[in-house]
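Asks: For reference, this is target-v3.tsv, and it has TSV, C-alpha atoms and all ligand atoms.
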```
chain	number	residue	atom	x	y	z
A	1	MET	CA	0.00	0.00	0.00
A	2	ALA	CA	1.28	3.49	-0.89
A	3	ASN	CA	2.40	5.83	1.90
A	4	SER	CA	0.24	8.81	2.77
A	5	PRO	CA	1.36	12.33	1.70
A	6	SER	CA	1.75	13.26	5.40
A	7	PHE	CA	4.22	10.40	5.85
A	8	GLU	CA	6.21	11.49	2.77
A	9	LYS	CA	6.27	15.08	4.08
A	10	LEU	CA	7.44	13.91	7.52
A	11	GLN	CA	10.21	11.78	5.97
A	12	ASN	CA	11.54	14.87	4.15
A	13	GLU	CA	11.40	16.92	7.34
A	14	ILE	CA	13.31	14.25	9.33
A	15	THR	CA	16.07	14.24	6.69
A	16	ALA	CA	16.13	18.05	6.57
A	17	LEU	CA	16.38	18.30	10.36
A	18	GLU	CA	19.27	15.82	10.43
A	19	GLY	CA	21.12	18.06	7.94
A	20	ALA	CA	20.24	21.27	9.78
A	21	PHE	CA	21.63	19.89	13.05
A	22	LYS	CA	24.86	18.73	11.39
A	23	ASP	CA	25.33	22.20	9.80
A	24	ALA	CA	24.67	23.93	13.12
A	25	LEU	CA	27.23	21.67	14.81
A	26	ASP	CA	29.90	22.30	12.14
A	27	GLY	CA	29.28	26.03	12.24
A	28	GLY	CA	33.06	26.86	12.26
A	29	SER	CA	33.68	30.33	13.67
A	30	ASN	CA	29.91	30.85	13.84
A	31	ALA	CA	29.55	27.88	16.21
A	32	GLU	CA	26.31	28.21	18.16
A	33	PRO	CA	26.42	27.85	21.96
A	34	CYS	CA	25.26	24.33	22.85
A	35	GLU	CA	22.49	25.50	25.13
A	36	SER	CA	20.95	27.34	22.23
A	37	LEU	CA	21.27	24.18	20.07
A	38	ARG	CA	19.62	22.11	22.78
A	39	ILE	CA	16.67	24.50	22.95
A	40	ARG	CA	16.37	24.80	19.20
A	41	PHE	CA	16.38	21.07	18.50
A	42	LEU	CA	15.34	19.29	21.72
A	43	GLY	CA	13.30	21.95	23.57
A	44	ARG	CA	9.56	21.59	24.28
A	45	LYS	CA	8.78	23.77	21.28
A	46	GLY	CA	11.88	22.64	19.39
A	47	SER	CA	12.20	20.99	15.97
A	48	VAL	CA	12.16	17.35	17.18
A	49	SER	CA	9.07	17.95	19.23
A	50	GLY	CA	7.48	19.47	16.10
A	51	LEU	CA	8.14	16.20	14.26
A	52	PHE	CA	6.50	14.13	17.00
A	53	LYS	CA	3.38	16.29	16.77
A	54	GLN	CA	2.87	15.23	13.16
A	55	LEU	CA	2.61	11.51	14.04
A	56	GLY	CA	-1.10	11.84	14.79
A	57	ALA	CA	-1.90	12.36	11.09
A	58	LEU	CA	-0.34	9.03	10.03
A	59	THR	CA	-1.66	5.49	9.75
A	60	GLU	CA	-0.66	3.09	12.51
A	61	THR	CA	2.09	1.40	10.50
A	62	GLU	CA	3.44	4.74	9.28
A	63	ARG	CA	3.34	6.07	12.86
A	64	LYS	CA	5.45	3.12	14.06
A	65	THR	CA	8.10	3.62	11.37
A	66	ALA	CA	8.27	7.39	11.69
A	67	GLY	CA	8.22	7.24	15.52
A	68	LEU	CA	11.31	5.00	15.48
A	69	GLN	CA	13.04	7.37	13.05
A	70	ILE	CA	12.31	10.48	15.12
A	71	ASN	CA	13.43	8.77	18.31
A	72	ALA	CA	16.69	7.70	16.64
A	73	LEU	CA	17.26	11.29	15.49
A	74	LYS	CA	16.50	12.64	18.97
A	75	GLU	CA	19.02	10.22	20.54
A	76	SER	CA	21.74	11.10	18.06
A	77	ILE	CA	21.20	14.82	18.78
A	78	GLN	CA	21.26	14.15	22.51
A	79	SER	CA	24.49	12.19	22.31
A	80	ALA	CA	26.12	14.85	20.09
A	81	LEU	CA	25.22	17.48	22.68
A	82	ALA	CA	26.19	15.30	25.67
A	83	GLY	CA	28.92	16.91	27.76
A	84	CYS	CA	28.63	20.09	25.74
A	85	GLY	CA	28.95	23.16	27.96
A	86	SER	CA	31.03	21.41	30.58
A	87	SER	CA	34.31	22.40	28.88
A	88	GLU	CA	36.15	25.64	29.53
A	89	ASN	CA	34.84	26.97	26.23
A	90	ALA	CA	31.68	28.09	28.01
A	91	GLY	CA	29.10	26.21	26.07
A	92	VAL	CA	30.53	26.10	22.56
A	93	VAL	CA	30.28	22.67	20.96
A	94	GLU	CA	33.72	21.02	21.13
A	95	ARG	CA	35.21	20.54	17.65
A	96	THR	CA	35.87	16.99	16.61
A	97	PHE	CA	39.35	16.12	15.26
A	98	ASP	CA	39.32	15.80	11.49
A	99	PRO	CA	42.33	13.74	10.39
A	100	THR	CA	41.69	14.55	6.73
A	101	LEU	CA	42.48	18.27	7.13
A	102	PRO	CA	45.99	19.36	6.09
A	103	GLY	CA	48.31	19.88	9.09
A	104	ASP	CA	49.90	23.15	10.24
A	105	MET	CA	53.40	23.18	8.79
A	106	PRO	CA	56.07	24.30	11.29
A	107	PRO	CA	58.38	26.99	9.83
A	108	ILE	CA	61.37	25.28	8.22
A	109	GLY	CA	64.86	26.75	8.59
A	110	ARG	CA	67.49	26.91	5.88
A	111	TYR	CA	71.19	27.53	5.48
A	112	HIS	CA	72.44	31.10	5.77
A	113	PRO	CA	73.47	32.44	2.34
A	114	LEU	CA	77.05	32.89	3.58
A	115	THR	CA	77.17	29.22	4.64
A	116	MET	CA	75.97	28.17	1.20
A	117	LEU	CA	78.49	30.45	-0.49
A	118	LEU	CA	81.38	29.19	1.67
A	119	ARG	CA	80.47	25.65	0.64
A	120	GLU	CA	80.57	26.66	-3.02
A	121	ILE	CA	83.93	28.37	-2.58
A	122	LYS	CA	85.40	25.32	-0.82
A	123	SER	CA	84.04	23.05	-3.53
A	124	CYS	CA	85.62	25.21	-6.26
A	125	PHE	CA	89.07	25.24	-4.63
A	126	ARG	CA	88.95	21.53	-3.77
A	127	ARG	CA	88.52	20.85	-7.47
A	128	MET	CA	91.71	22.84	-8.09
A	129	GLY	CA	93.63	20.66	-5.61
A	130	PHE	CA	93.38	22.82	-2.46
A	131	SER	CA	92.59	21.35	0.95
A	132	VAL	CA	90.78	23.23	3.73
A	133	ALA	CA	92.69	24.43	6.83
A	134	ASP	CA	91.40	26.02	10.03
A	135	GLY	CA	92.73	28.34	12.73
A	136	PRO	CA	91.54	30.11	15.91
A	137	GLU	CA	89.53	33.34	15.82
A	138	VAL	CA	91.09	34.45	19.12
A	139	GLU	CA	94.69	34.73	18.03
A	140	THR	CA	98.05	35.73	19.43
A	141	GLU	CA	99.63	38.92	18.28
A	142	TYR	CA	102.56	36.78	17.02
A	143	TYR	CA	100.45	34.93	14.42
A	144	ASN	CA	98.19	37.85	13.53
A	145	PHE	CA	101.07	40.33	13.02
A	146	GLU	CA	104.63	39.40	14.00
A	147	ALA	CA	105.15	36.23	11.93
A	148	LEU	CA	103.49	37.98	8.98
A	149	ASN	CA	106.33	40.50	8.99
A	150	ILE	CA	104.31	43.17	10.82
A	151	PRO	CA	106.48	43.92	13.90
A	152	LYS	CA	105.32	46.12	16.80
A	153	GLY	CA	105.20	49.76	15.81
A	154	HIS	CA	104.96	48.89	12.07
A	155	PRO	CA	102.53	51.31	10.38
A	156	ALA	CA	100.80	48.34	8.72
A	157	ARG	CA	99.25	47.48	12.10
A	158	GLU	CA	97.18	50.62	11.72
A	159	MET	CA	95.78	49.31	8.41
A	160	GLN	CA	93.62	46.86	10.37
A	161	ASP	CA	91.84	48.40	13.34
A	162	THR	CA	92.19	45.64	15.93
A	163	PHE	CA	90.06	44.37	18.82
A	164	PHE	CA	92.56	43.58	21.61
A	165	ILE	CA	91.61	40.99	24.26
A	166	SER	CA	94.84	41.66	26.17
A	167	ASP	CA	98.30	43.03	25.32
A	168	ASP	CA	99.21	40.12	23.08
A	169	ILE	CA	95.84	38.44	22.35
A	170	VAL	CA	93.58	39.76	19.59
A	171	LEU	CA	90.47	38.83	17.64
A	172	ARG	CA	92.11	37.96	14.33
A	173	THR	CA	91.83	40.77	11.83
A	174	HIS	CA	92.35	38.47	8.85
A	175	THR	CA	92.74	34.77	8.04
A	176	SER	CA	96.44	35.19	7.17
A	177	PRO	CA	97.60	33.76	10.56
A	178	VAL	CA	96.41	30.36	9.26
A	179	GLN	CA	99.17	30.62	6.62
A	180	ILE	CA	101.77	30.62	9.40
A	181	ARG	CA	100.11	27.88	11.45
A	182	THR	CA	99.89	25.68	8.34
A	183	MET	CA	103.49	26.22	7.24
A	184	GLU	CA	104.76	25.54	10.78
A	185	THR	CA	103.25	22.05	10.66
A	186	GLN	CA	103.49	21.17	6.98
A	187	LYS	CA	106.42	20.94	4.55
A	188	PRO	CA	106.00	22.14	0.94
A	189	PRO	CA	104.20	21.55	-1.33
A	190	VAL	CA	101.33	23.39	0.38
A	191	ARG	CA	98.02	24.24	-1.26
A	192	ILE	CA	95.34	25.27	1.22
A	193	ILE	CA	92.42	27.60	1.67
A	194	ALA	CA	91.36	28.78	5.15
A	195	PRO	CA	87.82	30.15	5.40
A	196	GLY	CA	86.72	31.87	8.60
A	197	ARG	CA	85.48	34.87	10.56
A	198	CYS	CA	87.54	38.03	11.05
A	199	TYR	CA	87.02	41.07	13.26
A	200	ARG	CA	87.89	44.73	12.81
A	201	LYS	CA	86.85	47.96	14.48
A	202	ASP	CA	85.50	49.17	11.12
A	203	THR	CA	82.45	51.45	11.22
A	204	PRO	CA	79.57	49.52	9.61
A	205	ASP	CA	78.46	50.80	6.21
A	206	ALA	CA	77.12	49.26	2.99
A	207	THR	CA	80.41	47.40	2.34
A	208	HIS	CA	82.02	47.12	5.80
A	209	SER	CA	81.07	45.06	8.84
A	210	PRO	CA	83.02	44.65	12.10
A	211	VAL	CA	82.58	40.88	11.70
A	212	PHE	CA	83.09	39.46	8.26
A	213	HIS	CA	84.49	36.37	6.55
A	214	GLN	CA	87.63	35.84	4.53
A	215	VAL	CA	88.94	32.89	2.59
A	216	GLU	CA	92.72	32.75	2.78
A	217	GLY	CA	94.60	30.94	0.05
A	218	LEU	CA	98.21	29.74	0.17
A	219	CYS	CA	100.19	27.80	-2.40
A	220	VAL	CA	103.90	27.06	-1.89
A	221	ASP	CA	106.11	24.87	-4.03
A	222	GLU	CA	109.13	25.06	-6.29
A	223	GLY	CA	108.58	27.34	-9.28
A	224	ILE	CA	105.28	28.98	-8.27
A	225	THR	CA	104.79	32.35	-10.00
A	226	PHE	CA	102.34	35.27	-10.06
A	227	ALA	CA	100.87	33.76	-13.25
A	228	ASP	CA	99.69	30.76	-11.17
A	229	LEU	CA	97.92	33.14	-8.81
A	230	LYS	CA	96.17	34.91	-11.69
A	231	GLY	CA	95.14	31.60	-13.26
A	232	VAL	CA	93.59	30.31	-10.03
A	233	ILE	CA	91.72	33.57	-9.35
A	234	LEU	CA	90.39	33.78	-12.92
A	235	ASN	CA	89.22	30.19	-12.70
A	236	PHE	CA	87.50	30.92	-9.39
A	237	ALA	CA	85.83	34.09	-10.74
A	238	ARG	CA	84.46	32.20	-13.75
A	239	TYR	CA	83.23	29.34	-11.57
A	240	MET	CA	81.28	31.77	-9.40
A	241	PHE	CA	80.09	34.35	-11.93
A	242	GLY	CA	80.32	32.74	-15.36
A	243	SER	CA	82.67	33.37	-18.28
A	244	ASP	CA	81.69	37.06	-18.71
A	245	VAL	CA	83.24	38.21	-15.44
A	246	LYS	CA	86.37	40.32	-15.66
A	247	ILE	CA	89.15	40.50	-13.07
A	248	ARG	CA	91.83	43.11	-12.59
A	249	PHE	CA	94.93	43.25	-10.41
A	250	ARG	CA	96.14	46.57	-8.92
A	251	PRO	CA	99.53	47.09	-7.25
A	252	SER	CA	99.24	47.27	-3.46
A	253	PHE	CA	101.22	46.70	-0.30
A	254	PHE	CA	101.13	43.97	2.35
A	255	PRO	CA	104.18	43.29	4.55
A	256	PHE	CA	103.73	39.53	4.11
A	257	THR	CA	103.71	39.51	0.29
A	258	GLU	CA	106.17	40.92	-2.23
A	259	PRO	CA	105.05	41.99	-4.79
A	260	SER	CA	101.57	42.67	-3.48
A	261	ALA	CA	98.30	43.34	-5.28
A	262	GLU	CA	94.60	43.76	-4.78
A	263	TYR	CA	92.18	42.27	-7.24
A	264	ASP	CA	88.66	43.30	-8.18
A	265	PHE	CA	85.80	41.60	-10.02
A	266	SER	CA	83.67	43.52	-12.51
A	267	CYS	CA	80.41	44.80	-10.96
A	268	ARG	CA	77.37	42.70	-11.90
A	269	PHE	CA	74.85	45.33	-10.84
A	270	CYS	CA	75.80	47.88	-13.45
A	271	SER	CA	77.86	45.74	-15.87
A	272	GLY	CA	80.81	48.01	-15.21
A	273	LYS	CA	78.97	51.32	-15.83
A	274	GLY	CA	79.22	52.45	-12.18
A	275	CYS	CA	76.68	52.24	-9.33
A	276	SER	CA	76.46	52.56	-5.54
A	277	VAL	CA	77.77	49.04	-4.93
A	278	CYS	CA	80.96	49.60	-6.92
A	279	LYS	CA	81.04	53.27	-5.86
A	280	GLY	CA	80.89	54.36	-9.48
A	281	THR	CA	84.05	52.47	-10.53
A	282	GLY	CA	82.51	49.42	-12.21
A	283	TRP	CA	84.70	47.15	-10.03
A	284	VAL	CA	84.26	45.58	-6.58
A	285	GLU	CA	87.34	44.96	-4.44
A	286	ILE	CA	87.48	41.28	-3.51
A	287	SER	CA	90.88	40.50	-2.11
A	288	GLY	CA	94.45	41.28	-1.25
A	289	ALA	CA	97.07	38.96	-2.73
A	290	GLY	CA	100.70	38.58	-3.68
A	291	MET	CA	103.82	36.42	-3.67
A	292	VAL	CA	104.76	35.22	-0.18
A	293	ASN	CA	107.49	37.48	1.25
A	294	PRO	CA	110.72	35.45	1.81
A	295	LYS	CA	110.82	36.96	5.33
A	296	VAL	CA	107.65	35.00	6.15
A	297	PHE	CA	109.36	31.81	4.96
A	298	ASP	CA	112.19	32.60	7.40
A	299	TYR	CA	109.68	32.68	10.30
A	300	VAL	CA	108.38	29.18	9.48
A	301	GLY	CA	111.75	27.67	8.48
A	302	TYR	CA	111.06	27.26	4.73
A	303	ASP	CA	114.02	27.58	2.33
A	304	SER	CA	113.22	30.79	0.46
A	305	GLU	CA	115.92	30.00	-2.14
A	306	LYS	CA	114.13	26.83	-3.08
A	307	TYR	CA	110.44	27.67	-2.66
A	308	THR	CA	108.14	30.41	-3.83
A	309	GLY	CA	104.44	30.83	-3.19
A	310	TYR	CA	101.40	33.01	-3.59
A	311	ALA	CA	98.72	33.96	-1.07
A	312	PHE	CA	95.38	35.75	-1.14
A	313	GLY	CA	92.67	36.76	1.35
A	314	MET	CA	89.20	37.26	-0.14
A	315	GLY	CA	86.24	39.02	1.46
A	316	VAL	CA	83.38	36.50	1.36
A	317	GLU	CA	80.57	39.04	1.93
A	318	ARG	CA	81.81	41.10	-1.03
A	319	ILE	CA	81.48	38.01	-3.24
A	320	ALA	CA	78.05	37.26	-1.75
A	321	MET	CA	76.91	40.83	-2.50
A	322	LEU	CA	77.91	40.48	-6.13
A	323	LEU	CA	76.51	36.99	-6.51
A	324	TYR	CA	73.14	37.55	-4.85
A	325	GLU	CA	72.84	41.22	-5.88
A	326	VAL	CA	72.65	42.49	-2.30
A	327	HIS	CA	73.39	46.20	-1.95
A	328	ASP	CA	74.16	46.32	1.77
A	329	ILE	CA	76.49	43.96	3.66
A	330	ARG	CA	74.60	44.57	6.92
A	331	LEU	CA	71.63	42.53	5.64
A	332	PHE	CA	73.72	39.35	6.04
A	333	PHE	CA	74.03	39.94	9.78
A	334	GLU	CA	70.58	41.26	10.74
A	335	ASN	CA	69.02	37.78	10.57
A	336	ASP	CA	65.74	39.09	9.19
A	337	ALA	CA	63.90	35.91	8.13
A	338	ARG	CA	62.24	37.78	5.22
A	339	PHE	CA	65.71	38.42	3.78
A	340	LEU	CA	67.19	35.01	4.58
A	341	HIS	CA	64.26	33.07	3.11
A	342	GLN	CA	64.98	34.46	-0.35
A	343	PHE	CA	68.06	32.27	-0.85
F	1	LIG	C1	93.93	41.41	4.23
F	1	LIG	O1	93.18	41.15	5.18
F	1	LIG	C2	95.07	40.51	3.88
F	1	LIG	N1	95.29	39.56	4.92
F	1	LIG	C3	94.76	39.82	2.56
F	1	LIG	C4	95.94	39.13	2.00
F	1	LIG	C5	96.11	37.77	2.22
F	1	LIG	C6	96.86	39.84	1.23
F	1	LIG	C7	97.21	37.14	1.67
F	1	LIG	C8	97.95	39.19	0.70
F	1	LIG	C9	98.10	37.83	0.92
F	1	LIG	P1	92.55	43.48	3.41
F	1	LIG	O2	92.60	44.22	4.67
F	1	LIG	O3	92.61	44.26	2.16
F	1	LIG	O4	93.65	42.39	3.33
F	1	LIG	O5	91.22	42.58	3.39
F	1	LIG	C10	90.99	41.62	2.38
F	1	LIG	C11	89.52	41.64	1.94
F	1	LIG	O6	88.67	41.45	3.06
F	1	LIG	C12	89.09	42.99	1.36
F	1	LIG	O7	89.43	43.07	0.00
F	1	LIG	C13	87.60	42.95	1.56
F	1	LIG	O8	87.00	42.17	0.52
F	1	LIG	C14	87.48	42.17	2.85
F	1	LIG	N2	87.26	43.08	3.99
F	1	LIG	C15	88.16	43.79	4.68
F	1	LIG	N3	87.60	44.48	5.69
F	1	LIG	C16	86.27	44.21	5.63
F	1	LIG	C17	85.11	44.61	6.41
F	1	LIG	N4	85.21	45.41	7.45
F	1	LIG	N5	83.91	44.13	6.03
F	1	LIG	C18	83.79	43.28	4.99
F	1	LIG	N6	84.83	42.85	4.24
F	1	LIG	C19	86.04	43.31	4.55
```
Starting from the file, lay out its structure as structure tokens.
Ligand code: FA5
Replies:
Amino acid sequence: MANSPSFEKLQNEITALEGAFKDALDGGSNAEPCESLRIRFLGRKGSVSGLFKQLGALTETERKTAGLQINALKESIQSALAGCGSSENAGVVERTFDPTLPGDMPPIGRYHPLTMLLREIKSCFRRMGFSVADGPEVETEYYNFEALNIPKGHPAREMQDTFFISDDIVLRTHTSPVQIRTMETQKPPVRIIAPGRCYRKDTPDATHSPVFHQVEGLCVDEGITFADLKGVILNFARYMFGSDVKIRFRPSFFPFTEPSAEYDFSCRFCSGKGCSVCKGTGWVEISGAGMVNPKVFDYVGYDSEKYTGYAFGMGVERIAMLLYEVHDIRLFFENDARFLHQF
């Protein structure tokens, strides 16, 4: 026998009420206080009670079926609201855990751009047969100055404004002391780089920081010439910046090299036209360099008649500025995550 229209209508209302309760429960930020839900659905004049009132219009069989359905719905609403209001959230329906939602990703760290660059530099020089040496950042005056042919009172000490820890202990002003420490413990041939932090009382500006990094290079053997130095630096420049980069050597002075030079790389920002990074010159100073002064060989007991060598000390931040197109060295040390996350 076909169901009566009242039964069909009631069936639709039961289904609709089920949906309405589920929506009210999943209300997100608009979550309704549970007391209000209880009144709305289970109260004396609430929706469930409204369904029960319609049973009188049905046949006996229909009434049995629909009565069971409404009771089942009432129980499921009651159990969903059970315990609601007893939590600290003052009556808001407690959210159920949904394992299908994507999780909250914790912020992920990354390597500092200078760390990545130092790795690249080491990799480049390893390929050219250099090994990596290390030395202390808190250094004696002997290694930082004396053994590099910079005796007390020598004007060259003024070239590097020094942080003194005590009379004869300093924060190293350059990585050159590692040259001495290496030669003291190793016989030629020597071919090392020594990356590390250096400290100077330089006033911070766009290209100077009181803490910065250098990569020292030292190569000593029989028959080493300035041409070997130029070849290695050109190779390094091309590895880092591609075949278009230009390098230039300018005469300079360091007490521990003779002859001495400084070398520059062409400015990538302005392609050599002149800008604030290269201070209008088209070139960025990268490093001091030269042939190891025989007097330094005397300090470490190398035979300066037999051996020659070259050395260089590059500023790592200057290379990073050129490579990553960063206009101000201070950005590398401010640890602003917005800056660091770009690399
Ligand atoms: C020296 O420190 C020598 N020891 C380099 C050297 C090694 C010469 C071996 C010969 C043989 P200088 O003071 O010029 O040289 O510094 C070398 C490089 O370090 C500079 O070219 C620059 O790139 C970088 N540098 C120096 N001071 C700072 C600073 N305050 N901030 C950032 N980079 C700096």
Asks: Could you state the separation of CA of Leu323 in chain A and CA of Leu118 in chain A in Å, given to one decimal place?
Replies: 12.3 Å
Asks: Around the point (92.8, 35.5, 0.9), in the coordinates given by the file, pick out the residues reaching within 6 Å, counting all atoms listed in the file, and return them as a ChimeraX atom specification.
Replies: /A:215-217,312-314
Asks: With all atoms listed in the file counted, which protein, DNA or RNA residues have an atom no more than 10 Å from (87.1, 45.7, -12.9) in the file frame? Please answer as a ChimeraX atom specification.
Replies: /A:245-250,263-267,271-272,278,281-285
Asks: Identify, on the basis of all atoms listed in the file, every residue whose closest approach to Gln78 in chain A does not exceed 8 Å; exclude the query and any residue fewer than 4 positions from it along the same chain; express the result as an mmCIF file with C-alpha atoms, in the frame of the given file.
Replies:
```cif
data_model
loop_
_atom_site.group_PDB
_atom_site.id
_atom_site.type_symbol
_atom_site.label_atom_id
_atom_site.label_comp_id
_atom_site.auth_asym_id
_atom_site.auth_seq_id
_atom_site.Cartn_x
_atom_site.Cartn_y
_atom_site.Cartn_z
ATOM 1 C CA LEU A 42 15.340 19.290 21.720
ATOM 2 C CA LYS A 74 16.500 12.640 18.970
ATOM 3 C CA ALA A 82 26.190 15.300 25.670
#
```
Asks: Choose the residue, out of A:Tyr310, A:Tyr143, A:Tyr111, A:Phe163, that has the smallest atom-to-atom separation from ligand LIG 1 (chain F); count all atoms listed in the file.
Replies: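 Using all atoms listed in the file, the shortest distance to ligand LIG 1 (chain F) belongs to A:Tyr310.
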Asks: Could you state the separation of CA of Leu322 in chain A and CA of Phe339 in chain A in Å, given to one decimal place?
Replies: 15.9 Å
Asks: Just the number, please: distance in Å from CA of Leu229 in chain A to CA of Met291 in chain A, one decimal.
Replies: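 Interatomic distance here is 8.5 Å.
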Asks: Residues at most 6 Å from ligand LIG 1 (chain F), using all atoms listed in the file? Could they come as a ChimeraX atom specification?
Replies: /A:174,176,202,207-210,212,214,254,257,285-290,311-315,318
Asks: Based on the selection just made, write C-alpha atoms of those residues as a tab-separated table (two decimals), in the frame of the given file.
Replies:
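Produced file again-v7.tsv, reproduced below:
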```tsv
chain	number	residue	atom	x	y	z
A	174	HIS	CA	92.35	38.47	8.85
A	176	SER	CA	96.44	35.19	7.17
A	202	ASP	CA	85.50	49.17	11.12
A	207	THR	CA	80.41	47.40	2.34
A	208	HIS	CA	82.02	47.12	5.80
A	209	SER	CA	81.07	45.06	8.84
A	210	PRO	CA	83.02	44.65	12.10
A	212	PHE	CA	83.09	39.46	8.26
A	214	GLN	CA	87.63	35.84	4.53
A	254	PHE	CA	101.13	43.97	2.35
A	257	THR	CA	103.71	39.51	0.29
A	285	GLU	CA	87.34	44.96	-4.44
A	286	ILE	CA	87.48	41.28	-3.51
A	287	SER	CA	90.88	40.50	-2.11
A	288	GLY	CA	94.45	41.28	-1.25
A	289	ALA	CA	97.07	38.96	-2.73
A	290	GLY	CA	100.70	38.58	-3.68
A	311	ALA	CA	98.72	33.96	-1.07
A	312	PHE	CA	95.38	35.75	-1.14
A	313	GLY	CA	92.67	36.76	1.35
A	314	MET	CA	89.20	37.26	-0.14
A	315	GLY	CA	86.24	39.02	1.46
A	318	ARG	CA	81.81	41.10	-1.03
```
Asks: Which residue out of A:Met128, A:Ile192, A:Ala320, A:Ile329 has the minimum interatomic distance to Asp205 in chain A when only C-alpha atoms are used?
Replies: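 Nearest candidate to Asp205 in chain A out of A:Met128, A:Ile192, A:Ala320, A:Ile329: A:Ile329.
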Asks: If we count all atoms listed in the file, what is near range 6-17 of chain A at a cut-off of 8 Å, once residues fewer than 3 positions away on the same chain are taken out, given as an mmCIF file with C-alpha atoms, in the coordinates of the input?
Replies:
```cif
data_model
loop_
_atom_site.group_PDB
_atom_site.id
_atom_site.type_symbol
_atom_site.label_atom_id
_atom_site.label_comp_id
_atom_site.auth_asym_id
_atom_site.auth_seq_id
_atom_site.Cartn_x
_atom_site.Cartn_y
_atom_site.Cartn_z
ATOM 1 C CA ASN A 3 2.400 5.830 1.900
ATOM 2 C CA ALA A 20 20.240 21.270 9.780
ATOM 3 C CA PHE A 21 21.630 19.890 13.050
ATOM 4 C CA SER A 47 12.200 20.990 15.970
ATOM 5 C CA LEU A 51 8.140 16.200 14.260
ATOM 6 C CA GLN A 54 2.870 15.230 13.160
ATOM 7 C CA ALA A 57 -1.900 12.360 11.090
ATOM 8 C CA LEU A 58 -0.340 9.030 10.030
ATOM 9 C CA GLU A 62 3.440 4.740 9.280
ATOM 10 C CA ALA A 66 8.270 7.390 11.690
ATOM 11 C CA GLN A 69 13.040 7.370 13.050
ATOM 12 C CA ILE A 70 12.310 10.480 15.120
ATOM 13 C CA LEU A 73 17.260 11.290 15.490
#
```
Asks: N, CA and C atoms are what I want for range 251-266 of chain A; can you complete it accordingly and write them as a PDB file, keeping the file's coordinate frame?
Replies:
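Saved the output as result.pdb:
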```pdb
ATOM      1  N   PRO A 251      98.411  47.170  -8.185  1.00  0.00           N
ATOM      2  CA  PRO A 251      99.530  47.090  -7.250  1.00  0.00           C
ATOM      3  C   PRO A 251      99.093  47.544  -5.863  1.00  0.00           C
ATOM      4  N   SER A 252      99.602  46.892  -4.820  1.00  0.00           N
ATOM      5  CA  SER A 252      99.240  47.270  -3.460  1.00  0.00           C
ATOM      6  C   SER A 252     100.424  46.960  -2.543  1.00  0.00           C
ATOM      7  N   PHE A 253     100.144  47.022  -1.241  1.00  0.00           N
ATOM      8  CA  PHE A 253     101.220  46.700  -0.300  1.00  0.00           C
ATOM      9  C   PHE A 253     100.680  45.874   0.859  1.00  0.00           C
ATOM     10  N   PHE A 254     101.319  44.736   1.117  1.00  0.00           N
ATOM     11  CA  PHE A 254     101.130  43.970   2.350  1.00  0.00           C
ATOM     12  C   PHE A 254     102.513  43.534   2.806  1.00  0.00           C
ATOM     13  N   PRO A 255     102.827  43.640   4.104  1.00  0.00           N
ATOM     14  CA  PRO A 255     104.180  43.290   4.550  1.00  0.00           C
ATOM     15  C   PRO A 255     104.513  41.810   4.340  1.00  0.00           C
ATOM     16  N   PHE A 256     103.475  40.966   4.223  1.00  0.00           N
ATOM     17  CA  PHE A 256     103.730  39.530   4.110  1.00  0.00           C
ATOM     18  C   PHE A 256     103.755  39.027   2.671  1.00  0.00           C
ATOM     19  N   THR A 257     103.575  39.917   1.692  1.00  0.00           N
ATOM     20  CA  THR A 257     103.710  39.510   0.290  1.00  0.00           C
ATOM     21  C   THR A 257     104.589  40.525  -0.450  1.00  0.00           C
ATOM     22  N   GLU A 258     105.314  40.039  -1.423  1.00  0.00           N
ATOM     23  CA  GLU A 258     106.170  40.920  -2.230  1.00  0.00           C
ATOM     24  C   GLU A 258     106.405  40.289  -3.590  1.00  0.00           C
ATOM     25  N   PRO A 259     105.909  40.809  -4.706  1.00  0.00           N
ATOM     26  CA  PRO A 259     105.050  41.990  -4.790  1.00  0.00           C
ATOM     27  C   PRO A 259     103.643  41.692  -4.269  1.00  0.00           C
ATOM     28  N   SER A 260     102.938  42.793  -3.971  1.00  0.00           N
ATOM     29  CA  SER A 260     101.570  42.670  -3.480  1.00  0.00           C
ATOM     30  C   SER A 260     100.574  43.273  -4.473  1.00  0.00           C
ATOM     31  N   ALA A 261      99.340  42.815  -4.379  1.00  0.00           N
ATOM     32  CA  ALA A 261      98.300  43.340  -5.280  1.00  0.00           C
ATOM     33  C   ALA A 261      96.952  43.278  -4.581  1.00  0.00           C
ATOM     34  N   GLU A 262      95.995  43.979  -5.151  1.00  0.00           N
ATOM     35  CA  GLU A 262      94.600  43.760  -4.780  1.00  0.00           C
ATOM     36  C   GLU A 262      93.892  43.408  -6.079  1.00  0.00           C
ATOM     37  N   TYR A 263      92.916  42.526  -6.011  1.00  0.00           N
ATOM     38  CA  TYR A 263      92.180  42.270  -7.240  1.00  0.00           C
ATOM     39  C   TYR A 263      90.695  42.526  -7.057  1.00  0.00           C
ATOM     40  N   ASP A 264      90.082  42.927  -8.154  1.00  0.00           N
ATOM     41  CA  ASP A 264      88.660  43.300  -8.180  1.00  0.00           C
ATOM     42  C   ASP A 264      87.951  42.419  -9.202  1.00  0.00           C
ATOM     43  N   PHE A 265      86.643  42.230  -9.004  1.00  0.00           N
ATOM     44  CA  PHE A 265      85.800  41.600 -10.020  1.00  0.00           C
ATOM     45  C   PHE A 265      84.893  42.686 -10.611  1.00  0.00           C
ATOM     46  N   SER A 266      84.558  42.530 -11.896  1.00  0.00           N
ATOM     47  CA  SER A 266      83.670  43.520 -12.510  1.00  0.00           C
ATOM     48  C   SER A 266      82.299  43.481 -11.822  1.00  0.00           C
TER      49      SER A 266
END
```
